[in-house]
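**Q** Have a peek at target.txt (compact mmCIF, C-alpha atoms and all ligand atoms).
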# COMPACT_ATOMS: atom_id res chain seq x y z
CA MET A 1 -34.99 -48.79 19.13
CA ALA A 2 -33.14 -48.86 22.46
CA THR A 3 -33.54 -51.20 25.41
CA LEU A 4 -32.67 -50.68 29.07
CA GLY A 5 -32.21 -53.83 31.15
CA PHE A 6 -32.86 -53.85 34.89
CA ILE A 7 -31.38 -56.15 37.50
CA GLY A 8 -33.43 -55.11 40.50
CA SER A 9 -36.98 -53.91 39.99
CA GLY A 10 -37.72 -52.35 43.33
CA SER A 11 -38.24 -48.73 44.21
CA ILE A 12 -35.38 -47.26 42.14
CA GLY A 13 -35.62 -49.76 39.28
CA THR A 14 -39.31 -49.20 38.61
CA LYS A 15 -39.03 -45.41 38.83
CA LEU A 16 -36.17 -45.37 36.33
CA ALA A 17 -38.12 -47.78 34.12
CA ARG A 18 -41.04 -45.33 34.02
CA LEU A 19 -38.73 -42.51 32.90
CA ALA A 20 -37.17 -44.76 30.26
CA ILE A 21 -40.56 -45.71 28.84
CA ALA A 22 -41.60 -42.05 28.77
CA ALA A 23 -38.44 -41.44 26.70
CA GLY A 24 -39.38 -44.18 24.21
CA ILE A 25 -36.97 -46.80 25.54
CA ASP A 26 -38.04 -50.44 26.00
CA VAL A 27 -37.33 -51.98 29.41
CA VAL A 28 -36.59 -55.54 30.53
CA MET A 29 -37.17 -55.97 34.25
CA SER A 30 -35.71 -58.67 36.51
CA ASN A 31 -35.37 -59.46 40.19
CA SER A 32 -34.32 -62.34 42.45
CA ARG A 33 -37.70 -64.12 42.52
CA GLY A 34 -38.23 -64.67 38.82
CA PRO A 35 -40.24 -63.10 35.97
CA GLU A 36 -43.63 -64.36 37.23
CA SER A 37 -43.27 -62.23 40.35
CA LEU A 38 -42.99 -59.14 38.12
CA ALA A 39 -46.32 -59.65 36.28
CA THR A 40 -48.05 -56.73 38.03
CA THR A 41 -45.02 -54.46 37.69
CA VAL A 42 -44.70 -54.94 33.92
CA ALA A 43 -48.48 -54.68 33.45
CA GLN A 44 -48.36 -51.31 35.20
CA LEU A 45 -45.37 -50.20 33.12
CA GLY A 46 -47.18 -51.04 29.88
CA GLU A 47 -46.36 -52.52 26.54
CA ARG A 48 -42.74 -51.33 26.36
CA ALA A 49 -41.96 -53.47 29.45
CA ARG A 50 -41.34 -57.18 29.84
CA ALA A 51 -40.12 -59.39 32.67
CA ALA A 52 -37.13 -61.72 32.40
CA THR A 53 -34.36 -63.34 34.38
CA PRO A 54 -31.31 -61.23 35.36
CA GLN A 55 -29.30 -63.07 32.69
CA GLU A 56 -31.86 -62.19 29.99
CA ALA A 57 -32.17 -58.58 31.18
CA ALA A 58 -28.38 -58.29 31.05
CA ARG A 59 -28.19 -59.61 27.49
CA ALA A 60 -31.16 -57.55 26.24
CA GLY A 61 -30.00 -54.17 27.50
CA ASP A 62 -28.09 -51.59 25.48
CA TRP A 63 -27.35 -50.39 29.03
CA VAL A 64 -28.18 -52.29 32.22
CA VAL A 65 -29.22 -50.71 35.51
CA VAL A 66 -28.12 -52.66 38.59
CA SER A 67 -30.34 -51.63 41.50
CA ILE A 68 -30.07 -54.28 44.19
CA PRO A 69 -28.87 -54.45 47.78
CA LEU A 70 -25.06 -54.35 47.63
CA SER A 71 -24.86 -57.70 49.44
CA ALA A 72 -26.35 -59.38 46.33
CA TYR A 73 -23.56 -58.23 43.99
CA PRO A 74 -21.80 -61.65 43.81
CA GLN A 75 -24.95 -63.00 42.12
CA LEU A 76 -24.78 -60.49 39.25
CA PRO A 77 -24.41 -62.42 35.96
CA ALA A 78 -20.91 -61.30 34.98
CA THR A 79 -20.77 -63.31 31.77
CA ASP A 80 -24.07 -61.93 30.47
CA LEU A 81 -23.06 -58.39 31.46
CA ALA A 82 -19.68 -58.55 29.68
CA GLY A 83 -19.22 -55.67 27.25
CA LYS A 84 -22.19 -53.74 28.67
CA VAL A 85 -22.38 -50.28 30.19
CA VAL A 86 -23.76 -50.99 33.68
CA LEU A 87 -25.33 -48.19 35.72
CA ASP A 88 -24.77 -48.95 39.41
CA THR A 89 -27.28 -47.33 41.78
CA THR A 90 -26.23 -49.31 44.84
CA ASN A 91 -25.09 -48.02 48.21
CA TYR A 92 -23.35 -49.82 51.06
CA TYR A 93 -25.27 -49.98 54.34
CA PRO A 94 -23.59 -52.40 56.78
CA VAL A 95 -26.81 -52.70 58.79
CA ARG A 96 -28.53 -54.08 55.67
CA ASP A 97 -25.65 -55.57 53.67
CA GLY A 98 -23.38 -57.02 56.36
CA THR A 99 -19.80 -55.82 56.56
CA PHE A 100 -17.16 -55.72 53.81
CA GLU A 101 -13.69 -54.98 55.16
CA VAL A 102 -12.45 -53.44 51.90
CA LEU A 103 -15.30 -50.93 52.11
CA ASP A 104 -15.05 -50.27 55.85
CA THR A 105 -11.35 -49.43 55.51
CA GLY A 106 -11.86 -47.34 52.37
CA LYS A 107 -9.56 -49.61 50.34
CA LEU A 108 -12.27 -49.76 47.68
CA THR A 109 -15.45 -47.86 46.92
CA SER A 110 -18.58 -49.99 46.64
CA SER A 111 -18.65 -49.46 42.87
CA GLU A 112 -15.02 -50.60 42.55
CA LEU A 113 -16.00 -53.78 44.40
CA ILE A 114 -18.82 -54.45 41.93
CA GLN A 115 -16.56 -53.55 38.98
CA GLU A 116 -14.07 -56.20 40.18
CA HIS A 117 -16.84 -58.81 39.93
CA LEU A 118 -18.05 -57.43 36.57
CA SER A 119 -14.56 -57.29 35.10
CA GLY A 120 -15.83 -57.46 31.50
CA SER A 121 -18.35 -54.63 31.97
CA LYS A 122 -17.99 -50.86 32.11
CA LEU A 123 -19.50 -49.68 35.36
CA VAL A 124 -20.86 -46.17 35.82
CA LYS A 125 -22.09 -45.15 39.27
CA ALA A 126 -25.30 -43.12 38.97
CA PHE A 127 -28.64 -42.47 40.67
CA ASN A 128 -27.28 -43.64 44.03
CA ASN A 129 -27.33 -40.17 45.60
CA ILE A 130 -30.97 -39.24 45.00
CA SER A 131 -33.97 -40.42 47.00
CA ASP A 132 -36.35 -42.66 45.06
CA GLN A 133 -39.20 -40.14 45.47
CA HIS A 134 -37.14 -37.42 43.78
CA ILE A 135 -36.47 -39.42 40.61
CA PRO A 136 -39.95 -38.77 39.16
CA ALA A 137 -40.31 -35.47 41.03
CA LEU A 138 -37.17 -33.82 39.64
CA ALA A 139 -36.90 -35.31 36.13
CA ARG A 140 -37.22 -32.58 33.48
CA PRO A 141 -36.86 -32.46 29.68
CA SER A 142 -33.44 -31.66 28.25
CA GLY A 143 -32.71 -27.94 28.38
CA ALA A 144 -35.34 -27.11 31.04
CA ALA A 145 -34.29 -24.16 33.21
CA ASP A 146 -34.99 -26.08 36.43
CA ARG A 147 -33.10 -29.23 35.53
CA THR A 148 -31.45 -31.26 38.26
CA ALA A 149 -27.93 -32.68 37.93
CA LEU A 150 -26.60 -35.99 39.20
CA PRO A 151 -22.95 -36.97 39.68
CA ILE A 152 -21.64 -39.95 37.74
CA ALA A 153 -18.33 -41.81 38.04
CA GLY A 154 -16.64 -44.47 35.96
CA ASP A 155 -13.28 -45.67 34.66
CA ASP A 156 -14.19 -45.74 30.95
CA PRO A 157 -14.80 -42.29 29.39
CA ARG A 158 -16.89 -43.69 26.51
CA ALA A 159 -19.10 -45.63 28.89
CA LYS A 160 -19.52 -42.51 31.00
CA ALA A 161 -20.52 -40.50 27.92
CA SER A 162 -23.01 -43.20 26.94
CA ALA A 163 -24.48 -43.26 30.45
CA ALA A 164 -24.69 -39.46 30.47
CA ALA A 165 -26.60 -39.53 27.17
CA LEU A 166 -29.03 -42.08 28.62
CA ILE A 167 -29.47 -40.07 31.84
CA ASP A 168 -30.14 -36.95 29.74
CA ARG A 169 -32.96 -38.85 27.99
CA LEU A 170 -34.31 -39.93 31.38
CA GLY A 171 -34.50 -36.32 32.58
CA PHE A 172 -31.29 -35.27 34.35
CA ASP A 173 -28.04 -33.43 33.68
CA THR A 174 -24.83 -35.11 34.83
CA VAL A 175 -21.60 -33.97 36.45
CA ASP A 176 -18.47 -36.07 35.95
CA ALA A 177 -17.16 -36.92 39.43
CA GLY A 178 -14.17 -38.89 38.13
CA THR A 179 -13.21 -42.53 38.37
CA LEU A 180 -14.85 -45.29 40.43
CA ALA A 181 -12.06 -44.80 43.00
CA GLU A 182 -13.25 -41.19 43.34
CA SER A 183 -16.93 -42.15 43.62
CA TRP A 184 -16.68 -41.96 47.43
CA ARG A 185 -17.42 -38.27 46.83
CA PHE A 186 -21.12 -39.14 46.49
CA GLU A 187 -21.39 -42.24 48.66
CA PRO A 188 -23.77 -42.16 51.68
CA GLU A 189 -23.65 -39.13 53.96
CA THR A 190 -21.24 -37.11 51.81
CA ASP A 191 -22.29 -33.55 50.93
CA PRO A 192 -23.91 -34.37 47.54
CA PHE A 193 -25.77 -37.37 48.97
CA VAL A 194 -29.60 -37.15 48.96
CA VAL A 195 -29.96 -34.19 51.39
CA PRO A 196 -29.40 -31.34 48.87
CA TYR A 197 -32.26 -32.63 46.70
CA PHE A 198 -34.69 -32.21 49.62
CA ALA A 199 -36.86 -29.09 49.83
CA ASP A 200 -36.84 -29.63 53.61
CA PRO A 201 -33.40 -31.06 54.38
CA ALA A 202 -33.83 -30.55 58.16
CA ALA A 203 -36.75 -33.02 58.21
CA LEU A 204 -34.60 -35.64 56.48
CA VAL A 205 -31.69 -35.10 58.85
CA ALA A 206 -34.06 -35.49 61.83
CA ALA A 207 -35.42 -38.77 60.41
CA SER A 208 -31.86 -40.01 59.76
CA VAL A 209 -30.82 -39.27 63.36
CA GLU A 210 -33.93 -41.09 64.63
CA LEU A 211 -33.12 -44.09 62.40
CA SER A 212 -29.55 -44.14 63.65
CA GLU A 213 -30.73 -44.10 67.27
CA GLN A 214 -33.15 -46.97 66.59
CA ILE A 215 -30.38 -49.06 64.98
CA ARG A 216 -27.92 -48.38 67.81
CA ALA A 217 -30.59 -49.29 70.41
CA GLY A 218 -31.33 -52.57 68.61
CA LEU A 219 -34.92 -51.44 67.89
CA PRO A 220 -36.77 -52.14 64.62
CA PRO A 221 -35.65 -49.43 62.13
CA THR A 222 -39.01 -47.74 61.52
CA ALA A 223 -37.94 -44.11 60.91
CA MET A 224 -38.61 -43.28 57.24
CA PRO A 225 -37.46 -40.41 55.03
CA PRO A 226 -40.20 -37.75 54.99
CA GLN A 227 -42.35 -37.20 51.92
CA ASP A 228 -40.82 -34.23 50.13
CA PRO A 229 -41.43 -32.49 46.79
CA GLY A 230 -37.71 -32.13 46.05
CA VAL A 231 -35.80 -29.08 44.89
CA PRO A 232 -33.90 -28.78 41.59
CA LEU A 233 -30.13 -28.99 42.09
CA PRO A 234 -28.12 -27.40 39.26
CA ALA A 235 -24.83 -28.79 37.95
CA ASP A 236 -22.70 -25.98 39.43
CA ARG A 237 -23.99 -26.74 42.92
CA VAL A 238 -23.29 -30.47 42.45
CA ARG A 239 -19.72 -29.61 41.36
CA THR A 240 -19.20 -27.50 44.50
CA LEU A 241 -20.61 -30.21 46.79
CA LEU A 242 -18.39 -32.85 45.16
CA ALA A 243 -15.30 -30.66 45.51
CA GLU A 244 -15.91 -29.68 49.14
CA THR A 245 -17.06 -32.98 50.65
CA THR A 246 -14.93 -35.13 52.92
CA ARG A 247 -14.96 -38.94 52.79
CA LYS A 248 -17.49 -40.72 55.02
CA LEU A 249 -16.45 -44.27 55.84
CA PRO A 250 -19.14 -46.37 57.56
CA ALA A 251 -17.55 -45.76 60.98
CA ASP A 252 -18.02 -41.99 60.47
CA ARG A 253 -21.67 -42.32 59.39
CA LEU A 254 -25.01 -42.31 61.20
CA TYR A 255 -25.75 -45.73 59.66
N1 LIG B 301 -34.62 -46.29 47.78
C1 LIG B 301 -33.84 -45.22 47.61
O1 LIG B 301 -34.29 -44.07 47.86
C2 LIG B 301 -32.46 -45.37 47.05
C3 LIG B 301 -31.80 -44.23 46.57
C4 LIG B 301 -30.54 -44.36 45.98
C5 LIG B 301 -29.92 -45.58 45.93
N2 LIG B 301 -30.55 -46.69 46.44
C6 LIG B 301 -29.83 -47.97 46.38
O2 LIG B 301 -30.26 -48.64 45.18
C7 LIG B 301 -30.37 -50.05 45.44
C8 LIG B 301 -31.81 -50.49 45.23
O3 LIG B 301 -32.64 -49.76 46.11
P1 LIG B 301 -34.23 -49.94 46.11
O4 LIG B 301 -34.73 -48.96 47.11
O5 LIG B 301 -34.74 -49.92 44.72
O6 LIG B 301 -34.35 -51.40 46.73
P2 LIG B 301 -35.62 -52.37 46.76
O7 LIG B 301 -36.87 -51.57 46.56
O8 LIG B 301 -35.48 -53.19 47.99
O9 LIG B 301 -35.42 -53.30 45.48
C9 LIG B 301 -34.35 -54.20 45.39
C10 LIG B 301 -34.52 -55.03 44.15
O10 LIG B 301 -33.35 -55.84 44.03
C11 LIG B 301 -33.78 -57.14 43.68
N3 LIG B 301 -32.77 -58.13 44.01
C12 LIG B 301 -32.30 -58.47 45.23
N4 LIG B 301 -31.36 -59.42 45.12
C13 LIG B 301 -31.24 -59.70 43.80
C14 LIG B 301 -30.48 -60.60 43.05
N5 LIG B 301 -29.59 -61.41 43.64
N6 LIG B 301 -30.64 -60.64 41.70
C15 LIG B 301 -31.53 -59.81 41.09
N7 LIG B 301 -32.29 -58.92 41.76
C16 LIG B 301 -32.15 -58.87 43.10
C17 LIG B 301 -35.06 -57.32 44.46
O11 LIG B 301 -35.79 -58.41 43.93
P3 LIG B 301 -36.64 -59.37 44.90
O12 LIG B 301 -37.65 -58.49 45.55
O13 LIG B 301 -37.20 -60.40 43.97
O14 LIG B 301 -35.63 -59.95 45.88
C18 LIG B 301 -35.71 -55.97 44.19
O15 LIG B 301 -36.35 -55.97 42.93
C19 LIG B 301 -29.86 -50.25 46.86
O16 LIG B 301 -28.48 -50.57 46.84
C20 LIG B 301 -30.11 -48.91 47.53
O17 LIG B 301 -29.24 -48.70 48.63
C21 LIG B 301 -31.82 -46.60 46.97
Go ahead and render the structure in this file as structure tokens.
Ligand SMILES: NC(=O)c1ccc[n+]([C@@H]2O[C@H](COP(=O)([O-])OP(=O)(O)OC[C@H]3O[C@@H](n4cnc5c(N)ncnc54)[C@H](OP(=O)(O)O)[C@@H]3O)[C@@H](O)[C@H]2O)c1

**A**
Amino acid sequence: MATLGFIGSGSIGTKLARLAIAAGIDVVMSNSRGPESLATTVAQLGERARAATPQEAARAGDWVVVSIPLSAYPQLPATDLAGKVVLDTTNYYPVRDGTFEVLDTGKLTSSELIQEHLSGSKLVKAFNNISDQHIPALARPSGAADRTALPIAGDDPRAKASAAALIDRLGFDTVDAGTLAESWRFEPETDPFVVPYFADPAALVAASVELSEQIRAGLPPTAMPPQDPGVPLPADRVRTLLAETTRKLPADRLY
């Protein structure tokens, strides 16, 4: 019996929890507001799901998914996560997270920053470069001809292998993108980031430009990614995108 802990039970967390349950894995969900606030979520997920505090979710998980706004990383329970393989789905958006000089200058990647806080854990960056809607849409059983691949990065090869085995059970192939220092290759607005999983990438780019213009004009950011069925992205294509991309620091990005 395996258990996947979740710190963050929002859009990404709940979609990954559904895939885990479908694969026969128990899930322990947590958020910032406490287990009571997750009653509906765990009822919808079914009997393999329970709600807990972040500390309890950390201790319960054979792996733990961290899927929170990056700005909340200092609150992650480092002691309870010690020794764990932690899958980090987070991305850095200064407009949402505030600014971090070490990230703005490229001194660290966002996953290196979290790894510094979780010094006893083995962080693997994963699921940060796919839109939430494409997690259920593109998951396929192992060996399916139209399987989609996701890049992963981490400093511990055994943790990366363990994360890859989990991600395979959840429905995706993986491509090793290197260490956490190299994980900039699939941070926001790089070539492998979100767009190539869209069936209609032009519609996403248009929405992103609109969002950027709203943010720069000080307007409420209402532009949303379009609904999209997704398109399978094979491992070879992910490898090419990772190899060819340039680094996108926040100053070079739309937002
Ligand atoms: N949405 C996407 O398409 C997508 C794709 C790839 C990567 N990501 C990244 O993945 C992360 C999560 O995205 P999301 O869309 O799932 O966000 P979301 O729907 O806003 O969910 C965020 C979750 O984090 C929880 N949280 C916030 N602060 C916390 C804390 N201190 N301790 C424990 N839990 C805390 C929230 O709980 P409360 O509601 O109780 O505060 C909520 O359950 C973000 O970094 C995002 O940039 C998102």

**Q** List as a PyMOL selection string the protein and nucleic acid residues near range 58-69 of chain A, meaning an atom at most 10 Å away when only C-alpha atoms are counted, but skip any in the same chain fewer than 3 places from it.

**A** chain A and resi 1-14+16-17+26-32+52-55+72-73+76-93+96-97+122-128+159+162-163+166

**Q** Which protein, DNA or RNA residues are at most 10 Å from (-28.3, -32.3, 32.8) in the file's coordinates when you count only C-alpha atoms, listed as a PyMOL selection string?

**A** chain A and resi 139-144+146-151+164-165+167-175+234-235

**Q** If you measure from CA of Pro225 in chain A to CA of Pro136 in chain A, what distance in Å do you get, rounded to one decimal?

**A** 16.1 Å

**Q** Please provide as a PyMOL selection string all residues within 8 Å of range 194-210 of chain A, with the sequence filter that same-chain residues fewer than 2 positions apart are discarded (counting only C-alpha atoms).

**A** chain A and resi 129-131+134+191-192+212-214+223-226+228-233+254

**Q** What gap, in Å, lies between atom C2 of ligand LIG 301 (chain B) and CA of Asp132 in chain A?

**A**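 For atom C2 of ligand LIG 301 (chain B) relative to CA of Asp132 in chain A, the distance reads 5.1 Å.
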
**Q** Using all atoms listed in the file, which of the listed residues (A:Pro188, A:Gly24, A:Gly218, A:Gly120) sits closest to ligand LIG 301 (chain B)?

**A**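 Using all atoms listed in the file, ligand LIG 301 (chain B) sits closest to A:Pro188.
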
**Q** Which residue, A:Arg33, A:Arg216, A:Arg185, A:Lys15, has the smallest gap to ligand LIG 301 (chain B) when you use only C-alpha atoms and all ligand atoms?

**A**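 Smallest separation from ligand LIG 301 (chain B) among the options: A:Arg33.
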
**Q** Please determine an axis-aligned box that encloses all atoms of ligand LIG 301 (chain B) listed in the file, with 5 Å added on each side, and express its centre and edge lengths in Å to one decimal as AutoDock Vina command-line options.

**A**
--center_x -33.1 --center_y -52.7 --center_z 44.9 --size_x 19.2 --size_y 27.3 --size_z 17.5

**Q** List the neighbours of Thr245 in chain A out to 10 Å using all atoms listed in the file; skip same-chain residues closer than 3 positions along the sequence, and give me the result as an mmCIF file with C-alpha atoms, in the coordinates of the input.

**A**
data_model
loop_
_atom_site.group_PDB
_atom_site.id
_atom_site.type_symbol
_atom_site.label_atom_id
_atom_site.label_comp_id
_atom_site.auth_asym_id
_atom_site.auth_seq_id
_atom_site.Cartn_x
_atom_site.Cartn_y
_atom_site.Cartn_z
ATOM 1 C CA TRP A 184 -16.680 -41.960 47.430
ATOM 2 C CA ARG A 185 -17.420 -38.270 46.830
ATOM 3 C CA PHE A 186 -21.120 -39.140 46.490
ATOM 4 C CA GLU A 189 -23.650 -39.130 53.960
ATOM 5 C CA THR A 190 -21.240 -37.110 51.810
ATOM 6 C CA ASP A 191 -22.290 -33.550 50.930
ATOM 7 C CA PRO A 192 -23.910 -34.370 47.540
ATOM 8 C CA PHE A 193 -25.770 -37.370 48.970
ATOM 9 C CA THR A 240 -19.200 -27.500 44.500
ATOM 10 C CA LEU A 241 -20.610 -30.210 46.790
ATOM 11 C CA LEU A 242 -18.390 -32.850 45.160
ATOM 12 C CA LYS A 248 -17.490 -40.720 55.020
#
